[in-house]
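This is model_9.pdb. It holds PDB, C-alpha atoms.
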ATOM      1  CA  MET S   1     -38.825 -52.731   3.057  1.00  0.00           C
ATOM      2  CA  GLY S   2     -35.783 -54.366   4.613  1.00  0.00           C
ATOM      3  CA  LEU S   3     -32.547 -52.460   4.164  1.00  0.00           C
ATOM      4  CA  LYS S   4     -28.860 -53.235   4.640  1.00  0.00           C
ATOM      5  CA  VAL S   5     -26.218 -50.582   4.060  1.00  0.00           C
ATOM      6  CA  ASP S   6     -22.575 -51.482   3.399  1.00  0.00           C
ATOM      7  CA  VAL S   7     -20.191 -48.575   3.901  1.00  0.00           C
ATOM      8  CA  GLU S   8     -16.453 -48.182   3.433  1.00  0.00           C
ATOM      9  CA  ILE S   9     -14.854 -45.347   5.374  1.00  0.00           C
ATOM     10  CA  ILE S  10     -11.494 -43.816   6.172  1.00  0.00           C
ATOM     11  CA  PRO S  11     -11.277 -42.924   9.855  1.00  0.00           C
ATOM     12  CA  ALA S  12      -9.809 -39.563  10.814  1.00  0.00           C
ATOM     13  CA  PRO S  13      -6.192 -39.553  11.965  1.00  0.00           C
ATOM     14  CA  LEU S  14      -5.761 -40.310  15.670  1.00  0.00           C
ATOM     15  CA  SER S  15      -9.311 -41.708  15.932  1.00  0.00           C
ATOM     16  CA  ASP S  16     -10.092 -45.200  17.175  1.00  0.00           C
ATOM     17  CA  PRO S  17     -11.237 -47.137  14.063  1.00  0.00           C
ATOM     18  CA  ASP S  18     -13.342 -49.552  16.143  1.00  0.00           C
ATOM     19  CA  ALA S  19     -15.137 -46.679  17.875  1.00  0.00           C
ATOM     20  CA  VAL S  20     -15.729 -44.902  14.552  1.00  0.00           C
ATOM     21  CA  GLN S  21     -17.070 -48.119  13.013  1.00  0.00           C
ATOM     22  CA  ALA S  22     -19.473 -48.585  15.949  1.00  0.00           C
ATOM     23  CA  ARG S  23     -20.596 -44.930  15.693  1.00  0.00           C
ATOM     24  CA  VAL S  24     -21.367 -45.298  11.976  1.00  0.00           C
ATOM     25  CA  ILE S  25     -23.391 -48.494  12.520  1.00  0.00           C
ATOM     26  CA  ASP S  26     -25.287 -46.924  15.434  1.00  0.00           C
ATOM     27  CA  THR S  27     -26.034 -43.826  13.345  1.00  0.00           C
ATOM     28  CA  LEU S  28     -27.411 -45.929  10.477  1.00  0.00           C
ATOM     29  CA  TYR S  29     -29.745 -47.808  12.824  1.00  0.00           C
ATOM     30  CA  LYS S  30     -30.946 -44.542  14.364  1.00  0.00           C
ATOM     31  CA  TYR S  31     -31.383 -42.866  10.985  1.00  0.00           C
ATOM     32  CA  PHE S  32     -33.610 -45.646   9.675  1.00  0.00           C
ATOM     33  CA  ALA S  33     -35.584 -46.070  12.895  1.00  0.00           C
ATOM     34  CA  PRO S  34     -39.288 -45.252  12.487  1.00  0.00           C
ATOM     35  CA  LEU S  35     -39.431 -43.874  16.035  1.00  0.00           C
ATOM     36  CA  ASP S  36     -37.435 -41.205  17.836  1.00  0.00           C
ATOM     37  CA  VAL S  37     -34.471 -43.088  19.314  1.00  0.00           C
ATOM     38  CA  LEU S  38     -32.062 -40.170  19.546  1.00  0.00           C
ATOM     39  CA  ASP S  39     -30.372 -38.951  22.670  1.00  0.00           C
ATOM     40  CA  GLU S  40     -29.094 -35.388  23.114  1.00  0.00           C
ATOM     41  CA  ARG S  41     -25.656 -36.159  21.619  1.00  0.00           C
ATOM     42  CA  ASP S  42     -27.302 -37.442  18.420  1.00  0.00           C
ATOM     43  CA  ARG S  43     -29.467 -34.350  17.966  1.00  0.00           C
ATOM     44  CA  ARG S  44     -26.626 -32.325  16.420  1.00  0.00           C
ATOM     45  CA  PHE S  45     -26.554 -34.652  13.375  1.00  0.00           C
ATOM     46  CA  PHE S  46     -30.294 -34.621  12.699  1.00  0.00           C
ATOM     47  CA  PRO S  47     -32.729 -31.749  12.140  1.00  0.00           C
ATOM     48  CA  ASP S  48     -34.579 -30.580  15.248  1.00  0.00           C
ATOM     49  CA  GLU S  49     -37.898 -31.668  13.772  1.00  0.00           C
ATOM     50  CA  TRP S  50     -36.589 -35.143  12.881  1.00  0.00           C
ATOM     51  CA  ASN S  51     -38.773 -37.747  14.525  1.00  0.00           C
ATOM     52  CA  GLY S  52     -37.438 -40.977  13.096  1.00  0.00           C
ATOM     53  CA  TRP S  53     -37.510 -42.294   9.554  1.00  0.00           C
ATOM     54  CA  GLN S  54     -40.370 -40.734   7.616  1.00  0.00           C
ATOM     55  CA  PHE S  55     -42.800 -43.296   6.275  1.00  0.00           C
ATOM     56  CA  GLY S  56     -42.831 -43.595   2.505  1.00  0.00           C
ATOM     57  CA  THR S  57     -39.843 -41.396   1.778  1.00  0.00           C
ATOM     58  CA  SER S  58     -37.232 -42.735  -0.611  1.00  0.00           C
ATOM     59  CA  VAL S  59     -33.724 -43.686   0.514  1.00  0.00           C
ATOM     60  CA  TYR S  60     -30.952 -41.799  -1.279  1.00  0.00           C
ATOM     61  CA  GLN S  61     -27.270 -42.716  -1.224  1.00  0.00           C
ATOM     62  CA  SER S  62     -26.445 -39.017  -1.148  1.00  0.00           C
ATOM     63  CA  ALA S  63     -28.364 -38.546   2.112  1.00  0.00           C
ATOM     64  CA  ILE S  64     -26.413 -41.407   3.694  1.00  0.00           C
ATOM     65  CA  PHE S  65     -23.113 -39.933   2.457  1.00  0.00           C
ATOM     66  CA  ALA S  66     -24.021 -36.536   3.915  1.00  0.00           C
ATOM     67  CA  LEU S  67     -25.077 -38.020   7.250  1.00  0.00           C
ATOM     68  CA  LEU S  68     -21.978 -40.178   7.717  1.00  0.00           C
ATOM     69  CA  GLN S  69     -19.442 -37.670   6.409  1.00  0.00           C
ATOM     70  CA  GLN S  70     -20.227 -35.273   9.260  1.00  0.00           C
ATOM     71  CA  LEU S  71     -19.738 -37.834  12.045  1.00  0.00           C
ATOM     72  CA  PRO S  72     -16.807 -37.321  14.407  1.00  0.00           C
ATOM     73  CA  GLY S  73     -13.970 -39.648  13.470  1.00  0.00           C
ATOM     74  CA  VAL S  74     -15.013 -40.109   9.839  1.00  0.00           C
ATOM     75  CA  GLN S  75     -12.499 -38.530   7.478  1.00  0.00           C
ATOM     76  CA  ASN S  76     -14.053 -39.839   4.263  1.00  0.00           C
ATOM     77  CA  VAL S  77     -16.893 -42.065   3.102  1.00  0.00           C
ATOM     78  CA  LEU S  78     -15.495 -43.990   0.140  1.00  0.00           C
ATOM     79  CA  SER S  79     -18.471 -46.062  -0.914  1.00  0.00           C
ATOM     80  CA  ILE S  80     -22.004 -46.977  -0.001  1.00  0.00           C
ATOM     81  CA  GLN S  81     -23.988 -49.946  -1.239  1.00  0.00           C
ATOM     82  CA  ILE S  82     -27.660 -50.336  -0.411  1.00  0.00           C
ATOM     83  CA  HIS S  83     -29.226 -53.778  -0.356  1.00  0.00           C
ATOM     84  CA  SER S  84     -32.958 -54.277   0.030  1.00  0.00           C
ATOM     85  CA  LYS S  85     -35.680 -56.881   0.121  1.00  0.00           C
ATOM     86  CA  GLU S  86     -39.339 -57.023   0.897  1.00  0.00           C
ATOM     87  CA  VAL S  87     -39.833 -58.160   4.468  1.00  0.00           C
ATOM     88  CA  ASP S  88     -42.558 -60.430   5.778  1.00  0.00           C
ATOM     89  CA  ILE S  89     -42.433 -60.219   9.562  1.00  0.00           C
ATOM     90  CA  SER S  90     -44.221 -63.550   9.979  1.00  0.00           C
ATOM     91  CA  THR S  91     -41.429 -65.451   8.186  1.00  0.00           C
ATOM     92  CA  ASP S  92     -38.338 -63.219   8.254  1.00  0.00           C
ATOM     93  CA  ILE S  93     -38.251 -62.743  12.010  1.00  0.00           C
ATOM     94  CA  ASN S  94     -37.738 -66.484  12.529  1.00  0.00           C
ATOM     95  CA  ALA S  95     -35.462 -67.098   9.531  1.00  0.00           C
ATOM     96  CA  PRO S  96     -32.139 -68.807  10.313  1.00  0.00           C
ATOM     97  CA  ASP S  97     -29.090 -66.524  10.343  1.00  0.00           C
ATOM     98  CA  GLY S  98     -27.892 -65.775   6.833  1.00  0.00           C
ATOM     99  CA  GLU S  99     -31.085 -66.955   5.127  1.00  0.00           C
ATOM    100  CA  SER S 100     -32.668 -63.505   5.224  1.00  0.00           C
ATOM    101  CA  GLU S 101     -29.461 -61.868   3.977  1.00  0.00           C
ATOM    102  CA  ALA S 102     -29.179 -64.263   1.030  1.00  0.00           C
ATOM    103  CA  SER S 103     -32.274 -62.765  -0.589  1.00  0.00           C
ATOM    104  CA  LEU S 104     -31.081 -59.151  -0.380  1.00  0.00           C
ATOM    105  CA  LYS S 105     -30.753 -57.361  -3.713  1.00  0.00           C
ATOM    106  CA  LEU S 106     -28.045 -54.791  -4.408  1.00  0.00           C
ATOM    107  CA  LEU S 107     -29.534 -51.483  -5.472  1.00  0.00           C
ATOM    108  CA  LYS S 108     -28.372 -50.478  -8.955  1.00  0.00           C
ATOM    109  CA  SER S 109     -29.489 -46.845  -8.709  1.00  0.00           C
ATOM    110  CA  PRO S 110     -28.654 -44.168  -6.102  1.00  0.00           C
ATOM    111  CA  LYS S 111     -32.264 -44.205  -4.878  1.00  0.00           C
ATOM    112  CA  LEU S 112     -34.478 -46.807  -3.218  1.00  0.00           C
ATOM    113  CA  ALA S 113     -37.993 -45.707  -4.166  1.00  0.00           C
ATOM    114  CA  LEU S 114     -40.671 -46.527  -1.613  1.00  0.00           C
ATOM    115  CA  GLU S 115     -44.433 -46.438  -1.760  1.00  0.00           C
ATOM    116  CA  ALA S 116     -46.169 -43.878   0.456  1.00  0.00           C
ATOM    117  CA  ASP S 117     -47.238 -46.557   2.943  1.00  0.00           C
ATOM    118  CA  MET S 118     -43.870 -48.335   3.231  1.00  0.00           C
ATOM    119  CA  LEU S 119     -41.550 -48.420   6.210  1.00  0.00           C
ATOM    120  CA  VAL S 120     -37.785 -49.005   6.142  1.00  0.00           C
ATOM    121  CA  VAL S 121     -36.463 -51.665   8.520  1.00  0.00           C
ATOM    122  CA  SER S 122     -32.753 -52.177   9.196  1.00  0.00           C
ATOM    123  CA  LEU S 123     -31.623 -55.716   8.405  1.00  0.00           C
ATOM    124  CA  GLY S 124     -28.071 -55.087   9.504  1.00  0.00           C
ATOM    125  CA  HIS S 125     -25.435 -52.691   8.363  1.00  0.00           C
ATOM    126  CA  GLN S 126     -21.776 -53.307   7.674  1.00  0.00           C
ATOM    127  CA  VAL S 127     -18.948 -50.813   7.939  1.00  0.00           C
ATOM    128  CA  SER S 128     -15.486 -51.621   6.656  1.00  0.00           C
ATOM    129  CA  ILE S 129     -12.378 -49.599   7.358  1.00  0.00           C
ATOM    130  CA  ALA S 130     -10.355 -48.818   4.233  1.00  0.00           C
ATOM    131  CA  GLU S 131      -6.748 -49.902   4.167  1.00  0.00           C
ATOM    132  CA  LEU S 132      -4.761 -47.118   2.536  1.00  0.00           C
TER     133      LEU S 132
END
Could you render the structure as C-alpha cells?
Amino acid sequence: MGLKVDVEIIPAPLSDPDAVQARVIDTLYKYFAPLDVLDERDRRFFPDEWNGWQFGTSVYQSAIFALLQQLPGVQNVLSIQIHSKEVDISTDINAPDGESEASLKLLKSPKLALEADMLVVSLGHQVSIAEL
C-alpha cells in the first residue's frame, strides 16, 4: 500500500525550521521502511526490537503523532493527514511526476487497515511549518 503523510508542525523556539522539517520527513521515511535503516541516533525514538515497518500492521494517526511529537525541534504536531493508494510496482515506478500522487485517497478514519500480507511504501511525505 502506498502511503503519503502530510503533517503540520510548530517548531520549538530557537530551532531551525528547515532542519526540523527535514528531520520529520526523514523520520517518516525511516518509520515506514520495511528494513532496518536506523543509525544509532535514531534508535532513541524507536523500540530496541524495532526492525523496520512490520508487515501487515495497520497505520494509526496516533502512532505518527506520538513518534513526531518526541522529535527534537518539534514543539507541537498540529495535524496529520494520511493519503493512500494501492501500488503496482510495474506501472507506478515509471509513472510521470504527479500522476501517481493524483490517485491518492485521503484517509477518512484515524486508521489505515492493512491485510496481513501487505507492505507500506512511502510515496512522499510533506511537512508544513505552521504560521502562528
Between CA of Asn76 (chain S) and CA of Ala12 (chain S) - distance in Å to one decimal |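 The value is 7.8 Å.
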Taking the file above as input, evaluate the PyMOL selection byres ((chain S and resi 64-75) around 7) and report the hits as a list in words.
->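 Selected by the PyMOL selection byres ((chain S and resi 64-75) around 7) here: Ile9, Ile10, Pro11, Ala12, Ser15, Val20, Val24, Tyr60, Gln61, Ser62, Ala63, Asn76 and Val77 of chain S.
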So, counting all atoms listed in the file, which residue among S:Leu132, S:Asp26, S:His125, S:Ser58 is closest to Val7 (chain S)?
->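 Under the stated criterion, the closest residue is S:His125.
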Within 6 Å of region 113-123 of chain S, counting only C-alpha atoms, which residues qualify if same-chain residues fewer than 3 places away don't, as a PyMOL selection string?
-> chain S and resi 1-4+55-56+58
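Within the 8 Å cut-off around Gln21 (chain S), using only C-alpha atoms and omitting residues fewer than 5 positions from it on the same chain, the listed residues are S:Val127, S:Ser128, S:Ile129.
Taking CA of Gly124 (chain S) and CA of Glu8 (chain S) as endpoints, the distance between them is 14.8 Å.
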Point-to-point distance in Å for CA of Glu86 (chain S) and CA of Leu112 (chain S) | 12.0 Å
Tell me which of S:Val59, S:Ala130, S:Val5, S:Ala33 sits closest to His83 (chain S), counting only C-alpha atoms.
->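 Result for the nearest residue to His83 (chain S): S:Val5.
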Centre and edge lengths of an axis-aligned box around all listed atoms of region 121-128 of chain S, with 5 Å added on each side, are to be given in Å to one decimal, as AutoDock Vina command-line options.
--center_x -26.0 --center_y -53.3 --center_z 8.1 --size_x 31.0 --size_y 14.9 --size_z 12.8
Residue nearest Lys111 (chain S) - candidates S:Thr27, S:Ser84, S:Ser79, S:Gln126, atoms counted: only C-alpha atoms |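 So, comparing all the options, the nearest one is S:Ser84.
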With all atoms listed in the file as the basis for distance, which of S:Leu14, S:Tyr29, S:Leu106, S:Ala19 is at the shortest distance from Lys85 (chain S)?
-> S:Leu106
